[in-house]
Every structure is written in structure tokens, then in C-alpha cells.
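Peer 1: For reference, the structure I am asking about is given below.
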Amino acid sequence: MMVELGHYALVLALATSLLQAALPSIGAFRRDVGLMASGTSAAYATFILVALSFAALTHAHVTSDFSVENVWANSHSAIPLIYKFSGVWGNHEGSMLLWMLILTFFSALVAFFGGNLPDTLKAHVLSIQALIATAFALFVLLTSNPFARLVPAPGEGQDLNPVLQDIGLAIHPPLLYLGYVGFSVCFSFAVAALIEGRLDAAWARWVRPWTLAAWSFLTAGIAMGSYWAYYELGWGGWWFWDPVENASFMPWLAGTALLHSALVMEKREALKIWTVLLALMTFSLSLLGTFLVRSGVLTSVHAFATDPRRGIFILVILILFIGGALTLFAIRAARLKAGGLFAPISREGALVFNNLILTTAAATVLTGTLYPLALEALTGDKISVGPPFFNMTFGLLMLPLLFAVPFGPLLAWKRGDVLAAGQRLFAAVAFGLLVGAGVAYAQDGGPVLALLGIALGAYMIGGAVTDLVLRSGLGKVPLGTAWRRLSGLPRSSFGTALAHAGVGVTVIGIVAVTAFQSEHILAMTPGQSTEAGGYALRFDGVKAAQGPNYTEERGHFTISRAGIVVADVWSARRLYTARRMPTTEAGILTFGMSQLYVSLGDDQPNGGVVVRIWWKPLILCIWGGTILMMLGGAVSLSDRRLRIGAPSRARKPVRGLPEAAE
């Protein structure tokens, strides 16, 4: 009964989203306050209905109702409870329902927090959000029904994909979707502004919090996915330039550009047309990522679906929304005012430079991802665009951007002095060179480019601190005065510094692990020892163990340094009983920001086991930096100026319509 209620709630959600798409928009054109206000109620109703539908599917998974095909194909009575929950979205149908839940949740948030928006703008935004929800509700109901029944009901399920039975994959998809879908609000604001033909600083101020929230969640989702791939797949890598990884990275790059562009528009009313285009393109790249993952055109450990019918349906959605938005942009852009002027050397100029690099990088990743697919479709030839292409092109693009980042906050608006900013960054440059020299000493030298890369990351951290020090006047005014100035700074200033410093920390991690990691692959017998990263590893043997829905062979290693035992680690090979699918569970030991990574391979005839051992110096800086970026986003979002958006205008009745909506 619960399952049928969930299906019925989803059908009702389609109906309410159709009403939400039509009535507020009609009200905006007619200047009818009542019709425009109906969008708020419809947004709440749609969210509640989708939440009920999602709750029904969750109930079916938790209670192991194998009469539901989705539960039978993606669950098992023996799996731990947390994976019964994550099994809800660990498949195509459930993940699309999660997509709808988050989409309608954001629509409800716009309805709730949009009290200071002009009535017509709010009505158009809610209508566009509802159009997107309608398209995906049709997609779920017509091609991906998660409530389909099996008659007769099987007695047991097929189990959740073993690589998804991990806490990282329980968290990764919701975070990623909060980022993907969060950019739909920016898209809706952009389309609404094009419909109304009105773009100003207030619009940018309304859009920026949604951009910041979506960017923060997408950063968290990508970082969690990267760490999951690192420790779960047993390959020892943190990024593979997999097409599906690229699919999430492209909207992140575009969203980063949008975040900075919206700042220029808010402060100086410049880059209006460019900001709107970025808002359209960021969500368009999110939709493109959805198509790549679910169309069957990609073969990847991350890909969900391989049904071409679903791919065609999503392709139609892609064409309608992206094509429609870009057509509207082409019609309206010429009628929009360009905005304020500024000198090339200014804070605006630095942010434009940032935008150009980020969008070029996104275009490069897009080209490298789609070119093999297009070539195969047109000629039948299969080629692979792999890490060497992306590392070379992306790395060369990022170098000038990373060097320029600390300059931006130190330049004045409208016209700046790059030499003066450079002088203020002298301490940051010295700090970077000192860190680079320290790494060279610790490593007994090393590749020059790697040392410069680490110095560049440290320079970015120093630049972020320099901005706060200069704004507080530390060293030039009494300590108490400096503290009052520092504590009086807007939270967004601290958020910016944290995010920029986070990028620097991540750069240090990427460069260090790429240049200085060591790898050993050897067959080890019990009692045999080897060395990695200055530690001795003794293989003590393998023993069998039993999990709730798997069997495993666990290899034990004793870790010592200078003859003293400091730790031990277990590495395992698992076999999941229901699917007869093997996985590798790496043994990982953390020493500061570095890690020792041990992975078991195949058995050898002499009783030994193939073991892969990596020493990964400073690898945790990669994800530590992303945590700083997310924290920076959260701190900025807590700034009251961002939470409240633009102030409401004085409202007075004009033919029954508030002035703000006229």
C-alpha cells in the first residue's frame, strides 16, 4: 500500500508542478497578485508530495520489500541498514527521484526566502523551476518508475552493487545533486531576468547566495567522490579524468566563474550579460553531466544507466532547456545594458581574467570529454583522450590563474595598481619560496617544477592571510585596534580568504603526491618485509573473515620505523555472496598529512600474495584544501548581507499590484 501511495504522490507532484509552471507566469503577465502568489503554495505542495514519494521508496528499501523491482535489484536482507538507505539512490530510478526531491526542495526554499523579491521575478523563477521539475517528473514516470512491482515477489534481493556499499557513496550522491540541482535556481533567475529584461545589482545580490550554496555542495560532492575512488577502488589514485568525473567538474569550473562574475555585477553593475550567460551555462553543464551518466554513451565505474531510451528522453530535455534558454538569451541580450566600465588593471579586471581562464578550462575539459564520443558517432573510430591531455592543457591554464588569485583582493575597484599589490604580496612570495626550499631540503631535492608548484600553493595561502592582515592594519596600528578591525570585517572576507587558502592547500597536495609518491608492487610471503616512505612493512599472513553479506581474506601488516613497531594495518579482498562480485578494501595508515596505502592482489603459487604499496606524501592536503573551500563557502553564506539578499523596495498599491512587481 505504501508503494502505491508513493507512486500516486509522484503523479500528483507532476500535476502540482504543471500548475506551478503555468499559474505564476500567467499572473506575472497579467499583473495578477493572486495568481503570482499561487506559485508559493504550489512549490510547497510539490515538495511535500515528492518527499512523500521518496519516503515511500525509502520505506520499501528499509523493510526489504522485494515485490518492488527497484528494491529487488538493489538491496538484500543481509546488508547493513545504512546501505539499505543509500540503496534508495544507489541506482538510476532512485537517484532520479532524489534529483526531483532536491529540485523541489530548492523551489520551496526560493518560495520561503523570496519574500523580498519583486513579485514578477519570483513568479517567473518559480515557474521555470516547475518546468524543470515537470520534465524530470515525466522522465521518472515514463521511463524510470521506481515503484514498478514484481509478481510474484522474489524471496530475496540481488544486493546493492558492492562498490556502492560504502559510507562515501552513501554521502557522495546527495552532496553532488545538491550542487548540480542548486544551480537550477541560478538558471531560473537568469531566464526570469531575460524574460523581464531587467538586470541590476539587486539581481546579482539575489543570485549570489544560491550560487555560493550550490558551489559549496558541489565542491563537497566532488571531493567525497574523489576520496571514495581513492580508498575504495584500490587503484591508489585520487583523480582519473574519467568522463563522468569530468561531467561534475565542468559545472564546478563554470560555477566558480559565475560566483566571481556575480560579485562584479553586485559591486559595480558590470559584466551583466556575461553573468547571465554563465548562469545559463553552469546548469546546462549540469544537465549535460546527467545525460552523460544516464544515456549509455559512456562506460564508467560511475555511470548509472545504459538504456538508450532514457538517454534520448534526457537529450530532449537538454535541447529544450539549453536551446530555449540560449535562444532567449540571443533575443534579449542586445537589449540589456552592458554595465559599468573599468580599467584592465583593477579588481574587476582580475575577476574577468579569472572568468576567462575558468571558462577556457571548462571548454577544454568539455572538448576532451566529448570529442571521442563525437568521433565514434561520426566515423566509428574509437580514440581515448586520457590524463596526459588533460594534465598538460589544464595545468598550463591554471598556472597563471593561481599566480594571479592573491592579487585580486588587493586591487582597488575600477582602477588598481598592480605594482603596489605586488609589493604587499612580498611576504607571501617569501613564504612560498621558504616552503618550497623546505620541501627541497626534506626530499633531498626533487623536480624543479614540483618545488615551484608547492611554492605556488604556499604563496596562495600567504596571499589569503596577507589580505586579512592588511585590512586589519596589523603591525601599523595598536593590536587592540587591529583586532577590532579584523573582527569587524564582513564574514564574506573570511570566506574568501579560506576558499583561496584552500585552493593553495589542494595545490600543495596535488603537486606533492604527484612528484614524490613511491609505489612498490611485489609478491610477499608471510614474514617478508619491504620499505616504503621510510617505514618497514612486514607481511604477517592472510586470514579468512565473514561479513554480514560477504566473505573476505584479510592480510595483516606490521609497520615499524627504526626497528620500533608504530602501527599495524589490514588490507582485504572481499567477495559479496549474492552478486559473486569481488572488491578490494585497501589498508590505509595516516601519518600527519601523508598516508601509507596497502592493497592486496592475487595469490601466488608459492603461498605468497601480490601486494601494492604506495607512500603518498601530503595527499590529505588535497581533501583538506577542499574542506577549507567548503568552510569558506559556509562562512560567506553566513554573512547577513548574503542571507537577506537585496532589500525590498517601498511598496505601495498601484492598481492592486505592489510597486516592486511593476
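In the C-alpha cells, chains take letters A, B, ... by order of appearance, with residues numbered from 1 within each chain and ligands from 1 in the order shown.
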Extract, using only C-alpha atoms, all DNA, RNA and protein residues at most 12 Å from Leu433 of chain A, discarding same-chain residues fewer than 2 positions from it, and format them as a list in words.
Peer 2: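 In the requested form, the answer reads Phe426, Ala427, Ala428, Val429, Ala430, Phe431, Val435, Gly436, Ala437, Gly438, Val439, Ala440, Leu451, Leu452, Gly453, Ile454, Ala455, Leu456, Gly457, Ala458, Tyr459, Met460 and Gly462 of chain A.
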Peer 1: Can you list, as a PyMOL selection string, every protein, DNA or RNA residue that comes within 8 Å of Ser75 of chain A when you count only C-alpha atoms, leaving out same-chain residues fewer than 3 positions away?
Peer 2: chain A and resi 61+64+71-72+79+84+87+157-160
Peer 1: Output C-alpha atoms for every residue in the selection just made, as a JSON list (two decimals), in the first residue's frame.
Peer 2:
```json
[["chain", "number", "residue", "atom", "x", "y", "z"],
["A", 61, "HIS", "CA", 14.14, -0.44, 0.88],
["A", 64, "SER", "CA", 13.24, -5.16, 2.18],
["A", 71, "VAL", "CA", 14.39, -2.91, -4.11],
["A", 72, "TRP", "CA", 14.92, -6.42, -5.50],
["A", 79, "ILE", "CA", 23.11, -5.66, 4.09],
["A", 84, "LYS", "CA", 19.55, 0.00, 2.68],
["A", 87, "GLY", "CA", 20.44, 1.85, -1.88],
["A", 157, "GLY", "CA", 17.15, -9.32, -3.45],
["A", 158, "GLN", "CA", 20.12, -9.21, -5.82],
["A", 159, "ASP", "CA", 22.10, -7.00, -3.43],
["A", 160, "LEU", "CA", 23.39, -3.46, -3.83]]
```
Peer 1: Hey, which of A:Leu370, A:Ile383, A:Ala153, A:Leu287 ends up closest to Ser248 of chain A? Count only C-alpha atoms.
Peer 2: A:Leu287
Peer 1: My list of candidates is A:Ser188, A:Thr275, A:Ser594, A:Ser599. Which is closest to Ser571 of chain A when distances are computed with only C-alpha atoms?
Peer 2: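 Nearest candidate to Ser571 of chain A out of A:Ser188, A:Thr275, A:Ser594, A:Ser599: A:Ser599.
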Peer 1: Can you pull out every residue within 9 Å of Gly502 of chain A, counting only C-alpha atoms, but drop anything in the same chain fewer than 4 positions away, and send it as a PyMOL selection string?
Peer 2: chain A and resi 460-461+497-498+506-507+621-622+624-630+632
Peer 1: Please provide the set of residues having any atom within 8 Å of Arg149 of chain A, restricted to only C-alpha atoms, with same-chain residues fewer than 6 positions apart removed, written as a list in words.
Peer 2: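 These residues fall inside the cut-off: Ser67, Val68 and Glu69 of chain A.
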Peer 1: Can you tell me which residues surround segment 406-422 of chain A at a distance of at most 8 Å, considering only C-alpha atoms, apart from same-chain residues fewer than 4 positions away, and format the answer as a count of residues only?
Peer 2: 17
Peer 1: May I have the residues within 9 Å of Thr359 of chain A as a PyMOL selection string, using only C-alpha atoms and disregarding those fewer than 6 positions away in the same chain?
Peer 2: chain A and resi 250+253-254+257+278
Peer 1: Going by DSSP on the backbone, which bits of segment 105-179 of chain A are alpha helix (DSSP H)? Write them as an MDAnalysis selection string, please.
Peer 2: chainID A and resid 105:113 119:143 167:179
Peer 1: Quick one: of A:Val542, A:Ile132, A:Ile171, A:Leu596, who's nearest to Gly236 of chain A, counting only C-alpha atoms?
Peer 2: A:Leu596
Peer 1: Go ahead and compute the interatomic distance for atom CA of Val609 of chain A and atom CA of Ser226 of chain A, in Å to one decimal.
Peer 2: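 Atom-to-atom, atom CA of Val609 of chain A to atom CA of Ser226 of chain A, that is 27.6 Å.
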Peer 1: Point out the residue among A:Gly255, A:Ala512, A:Lys543, A:Leu366 with the least atom-to-atom distance to Ala442 of chain A, counting only C-alpha atoms.
Peer 2: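 That would be A:Ala512, the residue with the smallest distance to Ala442 of chain A.
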Peer 1: When you look at His520 of chain A with a cut-off of 10 Å (counting only C-alpha atoms), what residues show up, excluding the ones that are within fewer than 2 positions of it in the same chain? I need them as a ChimeraX atom specification.
Peer 2: /A:518,522,530-532,598,611-615
Peer 1: Identify which of the residues A:Ala270, A:Ala73, A:Leu57, A:Met2 lies closest to Pro154 of chain A, counting only C-alpha atoms when measuring atom-to-atom distances.
Peer 2: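 Using only C-alpha atoms, the shortest distance to Pro154 of chain A belongs to A:Ala73.
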